>>> print(open('coords-v5.txt').read())   # compact mmCIF, C-alpha atoms
# COMPACT_ATOMS: atom_id res chain seq x y z
CA MET X 484 0.00 0.00 0.00
CA GLN X 485 1.13 3.52 -0.79
CA VAL X 486 0.00 6.77 0.81
CA ILE X 487 -1.26 9.58 -1.36
CA TYR X 488 1.39 12.28 -1.63
CA THR X 489 1.35 14.38 1.55
CA PRO X 490 1.58 18.12 0.90
CA ALA X 491 3.54 20.24 3.40
CA VAL X 492 0.63 22.70 3.64
CA THR X 493 -3.03 21.66 3.41
CA GLU X 494 -5.14 23.87 1.15
CA TYR X 495 -8.12 21.55 0.67
CA LEU X 496 -9.68 18.62 2.50
CA ILE X 497 -11.84 15.99 0.78
CA PHE X 498 -13.89 13.65 2.96
CA PHE X 499 -15.20 10.33 1.69
CA ASP X 500 -17.54 7.81 3.16
CA PHE X 501 -16.01 4.44 2.31
CA ASP X 502 -18.69 1.75 1.82
CA GLU X 503 -20.79 2.29 -1.31
CA THR X 504 -19.13 5.68 -1.88
CA TYR X 505 -15.41 5.18 -2.40
CA TYR X 506 -15.66 1.38 -2.35
CA PRO X 507 -18.41 -0.40 -4.35
CA HIS X 508 -19.30 -3.75 -2.81
CA GLU X 509 -20.10 -5.33 -6.17
CA CYS X 510 -16.53 -4.68 -7.36
CA LEU X 511 -17.52 -4.88 -11.01
CA PRO X 512 -14.60 -4.50 -13.46
CA GLU X 513 -15.78 -1.10 -14.69
CA GLN X 514 -16.19 0.12 -11.09
CA LEU X 515 -12.70 -1.03 -10.15
CA ASN X 516 -11.18 0.67 -13.18
CA MET X 517 -12.79 3.93 -12.06
CA ILE X 518 -11.36 3.45 -8.55
CA TYR X 519 -7.85 3.04 -9.97
CA GLU X 520 -8.36 6.18 -12.05
CA LEU X 521 -9.60 8.01 -8.95
CA GLU X 522 -6.56 6.90 -6.94
CA GLN X 523 -4.20 8.37 -9.53
CA TYR X 524 -6.27 11.54 -9.81
CA LEU X 525 -6.16 12.11 -6.05
CA GLN X 526 -2.37 11.81 -6.19
CA GLN X 527 -2.44 14.57 -8.79
CA LEU X 528 -4.70 16.77 -6.66
CA ALA X 529 -2.46 16.32 -3.64
CA ARG X 530 0.59 17.47 -5.59
CA ASN X 531 -1.01 20.26 -7.63
CA HIS X 532 -3.53 21.67 -5.15
CA GLN X 533 -2.23 20.63 -1.71
CA VAL X 534 -5.23 18.38 -1.09
CA LYS X 535 -5.49 15.94 1.81
CA ILE X 536 -7.90 13.01 1.84
CA ALA X 537 -9.88 11.53 4.74
CA TRP X 538 -12.06 8.42 4.82
CA VAL X 539 -14.87 8.85 7.37
CA THR X 540 -16.56 5.49 7.70
CA GLY X 541 -18.54 3.09 9.82
CA SER X 542 -16.10 0.32 8.93
CA SER X 543 -13.17 -0.67 11.11
CA VAL X 544 -9.57 -0.39 9.91
CA GLN X 545 -9.44 -4.17 9.56
CA GLN X 546 -12.57 -4.20 7.40
CA ILE X 547 -11.17 -1.39 5.25
CA GLN X 548 -7.92 -3.27 4.70
CA ALA X 549 -9.78 -6.42 3.68
CA LYS X 550 -11.96 -4.51 1.22
CA MET X 551 -8.96 -2.70 -0.27
CA LYS X 552 -7.32 -6.07 -0.86
CA THR X 553 -10.46 -7.43 -2.51
CA ALA X 554 -10.62 -4.44 -4.87
CA GLY X 555 -6.90 -4.27 -5.58
CA MET X 556 -6.73 -0.72 -4.24
CA THR X 557 -3.23 0.62 -3.57
CA GLN X 558 -3.59 4.19 -2.24
CA LEU X 559 -4.19 5.04 1.40
CA PRO X 560 -5.64 8.43 2.44
CA HIS X 561 -4.01 10.85 4.87
CA PHE X 562 -6.61 10.24 7.59
CA ILE X 563 -9.04 7.46 8.47
CA ALA X 564 -11.90 8.19 10.87
CA SER X 565 -13.06 4.61 11.36
CA ASN X 566 -15.95 3.04 13.27
CA LEU X 567 -18.18 6.07 12.66
CA GLY X 568 -15.45 8.50 13.62
CA THR X 569 -14.92 6.95 17.06
CA GLU X 570 -11.32 6.25 15.99
CA MET X 571 -9.03 8.78 14.31
CA TRP X 572 -5.90 7.66 12.47
CA GLU X 573 -3.26 9.72 10.74
CA VAL X 574 -1.55 7.76 7.98
CA LYS X 575 2.18 8.38 7.84
CA SER X 576 4.19 8.34 4.61
CA ASP X 577 5.30 4.74 5.29
CA GLY X 578 1.68 3.60 5.64
CA GLN X 579 1.75 3.37 9.43
CA LEU X 580 -1.50 4.32 11.15
CA VAL X 581 -0.98 6.52 14.19
CA THR X 582 -3.71 7.60 16.60
CA VAL X 583 -4.32 11.33 16.93
CA PRO X 584 -3.80 12.18 20.64
CA SER X 585 -6.15 15.18 20.72
CA TRP X 586 -8.98 13.02 19.34
CA ALA X 587 -8.25 10.34 21.92
CA LYS X 588 -8.73 13.01 24.61
CA ILE X 589 -12.20 13.75 23.24
CA ILE X 590 -13.05 10.04 23.47
CA GLY X 591 -11.76 9.87 27.03
CA ALA X 592 -13.69 12.96 28.10
CA SER X 593 -16.95 11.43 26.84
CA ARG X 594 -16.79 8.74 29.55
CA PHE X 595 -18.43 6.31 27.12
CA SER X 596 -19.34 3.06 28.86
CA ARG X 597 -20.53 -0.20 27.33
CA ARG X 598 -22.36 -0.86 30.61
CA ASP X 599 -24.34 2.36 30.17
CA VAL X 600 -25.41 1.23 26.70
CA GLU X 601 -26.39 -2.20 28.02
CA ASP X 602 -28.47 -0.55 30.75
CA LEU X 603 -30.15 1.62 28.11
CA LEU X 604 -30.96 -1.47 26.01
CA SER X 605 -32.47 -3.13 29.07
CA GLU X 606 -34.68 -0.10 29.77
CA LEU X 607 -35.80 0.05 26.14
CA LYS X 608 -36.89 -3.58 26.30
CA SER X 609 -38.48 -3.69 29.76
CA THR X 610 -40.17 -0.28 29.80
CA TYR X 611 -40.95 0.42 26.14
CA ASN X 612 -40.95 -3.05 24.55
CA ILE X 613 -38.29 -1.92 22.07
CA ASN X 614 -35.89 -4.66 21.00
CA LEU X 615 -32.59 -3.92 19.31
CA HIS X 616 -30.61 -6.73 17.68
CA GLU X 617 -26.83 -6.80 17.89
CA GLN X 618 -24.97 -6.60 14.57
CA THR X 619 -22.87 -9.66 15.30
CA GLN X 620 -21.69 -10.18 11.71
CA PHE X 621 -19.63 -6.98 11.86
CA GLY X 622 -18.52 -7.29 15.48
CA GLN X 623 -18.48 -4.55 18.09
CA SER X 624 -15.68 -2.05 18.46
CA GLY X 625 -14.46 -0.54 21.72
CA TYR X 626 -16.28 2.75 21.16
CA LYS X 627 -19.13 1.82 18.84
CA MET X 628 -21.97 -0.53 19.70
CA ASN X 629 -24.12 -1.23 16.67
CA TYR X 630 -27.60 -2.74 16.46
CA TYR X 631 -30.50 -3.25 14.08
CA TYR X 632 -34.03 -2.06 14.66
CA TYR X 633 -36.70 -3.94 12.69
CA PRO X 634 -39.81 -1.78 12.13
CA VAL X 635 -43.32 -3.07 12.77
CA SER X 636 -45.40 -0.12 11.58
CA ALA X 637 -44.67 3.43 10.48
CA VAL X 638 -46.27 4.98 13.56
CA LYS X 639 -44.57 2.67 16.05
CA THR X 640 -41.22 3.07 14.26
CA GLN X 641 -41.25 6.84 14.59
CA TYR X 642 -42.26 6.57 18.24
CA ASP X 643 -39.63 3.94 19.02
CA LEU X 644 -36.82 5.83 17.31
CA SER X 645 -37.74 9.02 19.17
CA ILE X 646 -37.60 7.12 22.48
CA ILE X 647 -34.19 5.65 21.61
CA ARG X 648 -32.82 9.10 20.78
CA HIS X 649 -34.32 10.62 23.93
CA LEU X 650 -32.90 7.98 26.28
CA ALA X 651 -29.48 8.13 24.64
CA ALA X 652 -29.39 11.92 25.06
CA ASN X 653 -30.41 11.63 28.71
CA CYS X 654 -27.56 9.17 29.28
CA GLY X 655 -24.99 11.35 27.50
CA ILE X 656 -24.51 8.76 24.76
CA GLY X 657 -24.06 9.73 21.12
CA ILE X 658 -26.28 7.99 18.60
CA ASN X 659 -26.59 7.44 14.88
CA ILE X 660 -29.81 6.10 13.33
CA ASN X 661 -30.40 5.60 9.61
CA ILE X 662 -32.11 3.21 7.21
CA CYS X 663 -29.88 0.26 6.35
CA ASN X 664 -28.26 -0.10 2.94
CA PRO X 665 -28.46 -3.76 1.80
CA LYS X 666 -25.72 -3.13 -0.79
CA ALA X 667 -23.31 -2.65 2.12
CA GLY X 668 -24.28 -5.99 3.66
CA ASP X 669 -27.15 -4.88 5.91
CA PRO X 670 -30.63 -6.48 5.99
CA GLU X 671 -33.47 -4.88 4.05
CA HIS X 672 -36.19 -2.86 5.77
CA ALA X 673 -34.16 -2.31 8.94
CA TYR X 674 -32.47 0.59 10.69
CA ASP X 675 -28.89 0.95 11.85
CA VAL X 676 -28.77 2.08 15.47
CA ASP X 677 -25.24 2.92 16.58
CA PHE X 678 -24.30 4.06 20.07
CA ILE X 679 -21.07 6.08 20.18
CA PRO X 680 -19.27 8.47 22.55
CA ALA X 681 -20.83 11.92 22.78
CA GLY X 682 -18.92 14.41 20.66
CA THR X 683 -17.86 11.86 18.06
CA GLY X 684 -19.39 10.68 14.78
CA LYS X 685 -18.93 11.73 11.16
CA LYS X 686 -19.91 15.37 11.66
CA ALA X 687 -17.55 15.74 14.62
CA ALA X 688 -14.74 14.04 12.69
CA VAL X 689 -15.06 16.58 9.87
CA GLN X 690 -15.10 19.50 12.30
CA PHE X 691 -12.03 18.16 14.06
CA LEU X 692 -9.96 17.54 10.92
CA VAL X 693 -10.76 20.98 9.49
CA LYS X 694 -9.26 22.54 12.62
CA TYR X 695 -6.46 19.98 12.91
CA CYS X 696 -5.30 20.64 9.34
CA GLN X 697 -5.94 24.40 9.63
CA VAL X 698 -8.01 24.45 6.45
CA SER X 699 -10.55 27.10 5.56
CA PRO X 700 -14.05 25.53 5.86
CA SER X 701 -14.77 26.96 2.37
CA LYS X 702 -12.16 24.57 0.94
CA THR X 703 -13.77 21.33 2.03
CA LEU X 704 -15.57 18.72 -0.07
CA ALA X 705 -17.40 15.59 1.05
CA PHE X 706 -18.99 12.59 -0.66
CA GLY X 707 -21.45 10.03 0.70
CA ASP X 708 -24.27 7.67 -0.17
CA SER X 709 -26.50 7.10 2.86
CA GLY X 710 -28.41 8.72 5.69
CA ASN X 711 -25.49 8.58 8.12
CA ASP X 712 -23.46 10.77 5.71
CA ILE X 713 -25.86 13.73 5.64
CA GLU X 714 -24.41 15.65 8.59
CA MET X 715 -20.91 15.16 7.18
CA LEU X 716 -22.01 16.49 3.78
CA LYS X 717 -23.63 19.52 5.38
CA MET X 718 -20.50 20.27 7.40
CA ALA X 719 -18.43 20.53 4.21
CA ALA X 720 -18.71 23.59 1.99
CA HIS X 721 -19.30 21.30 -0.99
CA GLY X 722 -21.12 18.09 -0.02
CA TYR X 723 -22.35 15.60 -2.60
CA LEU X 724 -24.34 12.42 -2.60
CA LEU X 725 -23.45 10.06 -5.42
CA GLN X 726 -26.03 8.85 -7.91
CA ASN X 727 -26.12 5.43 -6.21
CA ALA X 728 -27.17 7.00 -2.88
CA THR X 729 -30.13 5.64 -0.96
CA ASP X 730 -33.58 7.16 -1.34
CA GLU X 731 -33.48 8.18 2.32
CA ALA X 732 -30.29 10.17 1.74
CA LYS X 733 -31.59 11.82 -1.42
CA SER X 734 -34.73 12.94 0.43
CA CYS X 735 -32.50 14.78 2.93
CA HIS X 736 -29.81 16.22 0.67
CA HIS X 737 -30.40 17.39 -2.88
CA ASN X 738 -26.86 18.00 -4.10
CA VAL X 739 -26.37 14.78 -6.08
CA ALA X 740 -23.57 13.93 -8.50
CA PRO X 741 -24.76 12.74 -11.93
CA TYR X 742 -22.84 9.45 -11.73
CA PRO X 743 -22.31 6.70 -9.13
CA TYR X 744 -19.24 5.76 -7.10
CA ALA X 745 -15.78 6.87 -8.30
CA GLU X 746 -17.19 8.11 -11.60
CA GLY X 747 -19.34 10.64 -9.75
CA ILE X 748 -16.44 11.68 -7.51
CA LEU X 749 -14.19 12.24 -10.52
CA HIS X 750 -16.85 14.28 -12.30
CA VAL X 751 -17.38 16.62 -9.34
CA CYS X 752 -13.69 17.03 -8.51
CA ARG X 753 -12.63 17.69 -12.11
CA ASN X 754 -15.21 20.43 -12.39
CA PHE X 755 -14.27 21.88 -9.00
CA PHE X 756 -10.51 21.90 -9.58
CA ARG X 757 -10.90 22.54 -13.33
CA GLU X 758 -8.66 19.64 -14.32
>>> encode(input="coords-v5.txt", output="structure tokens")
Amino acid sequence: MQVIYTPAVTEYLIFFDFDETYYPHECLPEQLNMIYELEQYLQQLARNHQVKIAWVTGSSVQQIQAKMKTAGMTQLPHFIASNLGTEMWEVKSDGQLVTVPSWAKIIGASRFSRRDVEDLLSELKSTYNINLHEQTQFGQSGYKMNYYYYPVSAVKTQYDLSIIRHLAANCGIGININICNPKAGDPEHAYDVDFIPAGTGKKAAVQFLVKYCQVSPSKTLAFGDSGNDIEMLKMAAHGYLLQNATDEAKSCHHNVAPYPYAEGILHVCRNFFRE
């Protein structure tokens, strides 16, 4: 693996969701060819426009590495905010991933506790008859506990989700809820419910990296495909869904690239940087 050229001064930041944005799970030949073209183009942007790249994703570093191997990808970004931004890695020129100490302090200050989440789940079940199902196929990380919610009816779903959000807020626990994307390996007609430390998540990761890299907020771009990307897209000055985005995402954010996956990213970036 190589790291995209690291400019001495950062003029622009580009944020990418990984699954079904940067990385297409189908891995069709034409999709992979576009990824390889995108990798080389980002090298060019880094050298010519002092651009740094960040992947902001729900996947773990181990999952990312496995997917990169499957796709034959060779270029690492400058930053990886993995597990929904609960982990922040700076990628050194030799490919080594190093934790960012100031982000680790934010995690520590949150006082996130798995026991608190387990107590919340127990209250949801016993008091409100709301059952969340652990996402065992992806495993649980130290600072992200992820579950599925299976809806029964539209009215009950809205009520249940509001209760989950309310209890999480009362407990000082961060939360992400969005409709699942089956293309990324999730079940159909279900919701992702992720409990994370307060002050983390994709939006917080973008805010942090803008300050960390001392970049003007006006020189930020972001790309995503699903509901959990919307806050990240709105934090960037130029946020785009790709054409393959979910219907839920498109109902919340109307700036949509005309093409899917890497093809859409290339189209937007070439127009933006006039290359």
>>> closest_residue(input="coords-v5.txt", among="X:Gly707, X:Gly668, X:Gly722, X:Gly684", to="Pro743 of chain X", atoms="all atoms listed in the file")
X:Gly707
>>> closest_residue(input="coords-v5.txt", among="X:Asn711, X:Gln558, X:Gln726, X:Ser565", to="Leu525 of chain X", atoms="only C-alpha atoms")
X:Gln558
>>> residues_near_point(input="coords-v5.txt", point="(-5.5, 6.9, 19.1)", cutoff="12 Å", atoms="only C-alpha atoms", output="PDB file with C-alpha atoms, in the frame of the given file")
ATOM      1  CA  ILE X 563      -9.040   7.460   8.470  1.00  0.00           C
ATOM      2  CA  ALA X 564     -11.900   8.190  10.870  1.00  0.00           C
ATOM      3  CA  SER X 565     -13.060   4.610  11.360  1.00  0.00           C
ATOM      4  CA  GLY X 568     -15.450   8.500  13.620  1.00  0.00           C
ATOM      5  CA  THR X 569     -14.920   6.950  17.060  1.00  0.00           C
ATOM      6  CA  GLU X 570     -11.320   6.250  15.990  1.00  0.00           C
ATOM      7  CA  MET X 571      -9.030   8.780  14.310  1.00  0.00           C
ATOM      8  CA  TRP X 572      -5.900   7.660  12.470  1.00  0.00           C
ATOM      9  CA  GLU X 573      -3.260   9.720  10.740  1.00  0.00           C
ATOM     10  CA  VAL X 574      -1.550   7.760   7.980  1.00  0.00           C
ATOM     11  CA  LEU X 580      -1.500   4.320  11.150  1.00  0.00           C
ATOM     12  CA  VAL X 581      -0.980   6.520  14.190  1.00  0.00           C
ATOM     13  CA  THR X 582      -3.710   7.600  16.600  1.00  0.00           C
ATOM     14  CA  VAL X 583      -4.320  11.330  16.930  1.00  0.00           C
ATOM     15  CA  PRO X 584      -3.800  12.180  20.640  1.00  0.00           C
ATOM     16  CA  SER X 585      -6.150  15.180  20.720  1.00  0.00           C
ATOM     17  CA  TRP X 586      -8.980  13.020  19.340  1.00  0.00           C
ATOM     18  CA  ALA X 587      -8.250  10.340  21.920  1.00  0.00           C
ATOM     19  CA  LYS X 588      -8.730  13.010  24.610  1.00  0.00           C
ATOM     20  CA  ILE X 589     -12.200  13.750  23.240  1.00  0.00           C
ATOM     21  CA  ILE X 590     -13.050  10.040  23.470  1.00  0.00           C
ATOM     22  CA  GLY X 591     -11.760   9.870  27.030  1.00  0.00           C
ATOM     23  CA  GLY X 625     -14.460  -0.540  21.720  1.00  0.00           C
ATOM     24  CA  TYR X 626     -16.280   2.750  21.160  1.00  0.00           C
TER      25      TYR X 626
END
>>> closest_residue(input="coords-v5.txt", among="X:Val693, X:Ile748, X:Ile487, X:Ala719", to="Gln527 of chain X", atoms="all atoms listed in the file")
X:Ile487
>>> residues_around(input="coords-v5.txt", residues="Ile656 of chain X", least_positions_apart="6", cutoff="7 Å", atoms="only C-alpha atoms", output="PyMOL selection string")
chain X and resi 595+678-681
>>> residues_around(input="coords-v5.txt", residues="Trp538 of chain X", least_positions_apart="6", cutoff="12 Å", atoms="all atoms listed in the file", output="PyMOL selection string")
chain X and resi 496-502+504-506+544+547+558-568+570-574+685+688-689+692+704-707+712+715
>>> atom_distance(input="coords-v5.txt", atom1="atom CA of Thr610 of chain X", atom2="atom CA of Asp643 of chain X")
11.6 Å
>>> closest_residue(input="coords-v5.txt", among="X:Gln697, X:Gln618, X:Ser576, X:Thr557", to="Met484 of chain X", atoms="only C-alpha atoms")
X:Thr557
>>> atom_distance(input="coords-v5.txt", atom1="atom CA of Leu615 of chain X", atom2="atom CA of Ala728 of chain X")
25.3 Å
>>> atom_distance(input="coords-v5.txt", atom1="atom CA of Ala673 of chain X", atom2="atom CA of Asn661 of chain X")
8.8 Å
>>> closest_residue(input="coords-v5.txt", among="X:Asn653, X:Thr640, X:Ser709, X:Thr729", to="Thr540 of chain X", atoms="only C-alpha atoms")
X:Ser709
>>> closest_residue(input="coords-v5.txt", among="X:Tyr488, X:Glu509, X:Cys735, X:Ala549", to="Arg530 of chain X", atoms="all atoms listed in the file")
X:Tyr488
>>> decode(input="coords-v5.txt", residues="segment 692-703 of chain X", atoms="all heavy atoms", output="tab-separated table (two decimals), in the first residue's frame")
chain	number	residue	atom	x	y	z
X	692	LEU	N	-11.04	17.56	11.90
X	692	LEU	CA	-9.96	17.54	10.92
X	692	LEU	C	-9.79	18.89	10.22
X	692	LEU	O	-8.68	19.26	9.85
X	692	LEU	CB	-10.21	16.44	9.89
X	692	LEU	CG	-9.92	15.02	10.40
X	692	LEU	CD1	-10.36	13.97	9.38
X	692	LEU	CD2	-8.44	14.85	10.73
X	693	VAL	N	-10.87	19.64	10.06
X	693	VAL	CA	-10.76	20.98	9.49
X	693	VAL	C	-9.87	21.85	10.37
X	693	VAL	O	-8.97	22.56	9.89
X	693	VAL	CB	-12.15	21.62	9.30
X	693	VAL	CG1	-12.02	23.11	8.98
X	693	VAL	CG2	-12.90	20.91	8.18
X	694	LYS	N	-10.09	21.77	11.69
X	694	LYS	CA	-9.26	22.54	12.62
X	694	LYS	C	-7.85	21.97	12.72
X	694	LYS	O	-6.86	22.70	12.75
X	694	LYS	CB	-9.92	22.55	14.00
X	694	LYS	CG	-11.21	23.35	14.06
X	694	LYS	CD	-11.79	23.35	15.47
X	694	LYS	CE	-13.09	24.15	15.52
X	694	LYS	NZ	-13.70	24.14	16.88
X	695	TYR	N	-7.75	20.65	12.76
X	695	TYR	CA	-6.46	19.98	12.91
X	695	TYR	C	-5.54	20.30	11.75
X	695	TYR	O	-4.33	20.51	11.93
X	695	TYR	CB	-6.70	18.47	13.00
X	695	TYR	CG	-5.46	17.64	13.26
X	695	TYR	CD1	-4.91	17.56	14.54
X	695	TYR	CD2	-4.85	16.92	12.23
X	695	TYR	CE1	-3.79	16.79	14.78
X	695	TYR	CE2	-3.73	16.14	12.46
X	695	TYR	CZ	-3.20	16.09	13.75
X	695	TYR	OH	-2.07	15.32	13.99
X	696	CYS	N	-6.09	20.36	10.54
X	696	CYS	CA	-5.30	20.64	9.34
X	696	CYS	C	-5.23	22.13	9.02
X	696	CYS	O	-4.57	22.53	8.05
X	696	CYS	CB	-5.87	19.89	8.14
X	696	CYS	SG	-5.75	18.10	8.28
X	697	GLN	N	-5.93	22.95	9.81
X	697	GLN	CA	-5.94	24.40	9.63
X	697	GLN	C	-6.35	24.78	8.20
X	697	GLN	O	-5.70	25.56	7.52
X	697	GLN	CB	-4.56	24.99	9.97
X	697	GLN	CG	-4.17	24.77	11.42
X	697	GLN	CD	-2.83	25.38	11.78
X	697	GLN	OE1	-1.90	25.40	10.97
X	697	GLN	NE2	-2.72	25.90	12.99
X	698	VAL	N	-7.46	24.21	7.79
X	698	VAL	CA	-8.01	24.45	6.45
X	698	VAL	C	-9.21	25.37	6.56
X	698	VAL	O	-10.01	25.25	7.50
X	698	VAL	CB	-8.42	23.12	5.79
X	698	VAL	CG1	-9.19	23.35	4.50
X	698	VAL	CG2	-7.19	22.26	5.52
X	699	SER	N	-9.36	26.26	5.61
X	699	SER	CA	-10.55	27.10	5.56
X	699	SER	C	-11.77	26.21	5.31
X	699	SER	O	-11.75	25.36	4.39
X	699	SER	CB	-10.43	28.12	4.43
X	699	SER	OG	-11.69	28.73	4.18
X	700	PRO	N	-12.85	26.34	6.09
X	700	PRO	CA	-14.05	25.53	5.86
X	700	PRO	C	-14.58	25.65	4.42
X	700	PRO	O	-15.22	24.72	3.92
X	700	PRO	CB	-15.05	26.10	6.86
X	700	PRO	CG	-14.21	26.64	7.97
X	700	PRO	CD	-12.99	27.20	7.28
X	701	SER	N	-14.30	26.78	3.75
X	701	SER	CA	-14.77	26.96	2.37
X	701	SER	C	-14.05	26.06	1.39
X	701	SER	O	-14.48	25.91	0.24
X	701	SER	CB	-14.60	28.42	1.95
X	701	SER	OG	-13.23	28.76	1.89
X	702	LYS	N	-12.96	25.43	1.83
X	702	LYS	CA	-12.16	24.57	0.94
X	702	LYS	C	-12.28	23.11	1.33
X	702	LYS	O	-11.30	22.37	1.36
X	702	LYS	CB	-10.70	25.03	0.95
X	702	LYS	CG	-10.50	26.41	0.35
X	702	LYS	CD	-9.03	26.80	0.28
X	702	LYS	CE	-8.84	28.15	-0.41
X	702	LYS	NZ	-7.41	28.53	-0.51
X	703	THR	N	-13.50	22.72	1.66
X	703	THR	CA	-13.77	21.33	2.03
X	703	THR	C	-14.83	20.73	1.11
X	703	THR	O	-15.80	21.39	0.75
X	703	THR	CB	-14.24	21.22	3.49
X	703	THR	OG1	-15.41	22.06	3.66
X	703	THR	CG2	-13.16	21.68	4.45
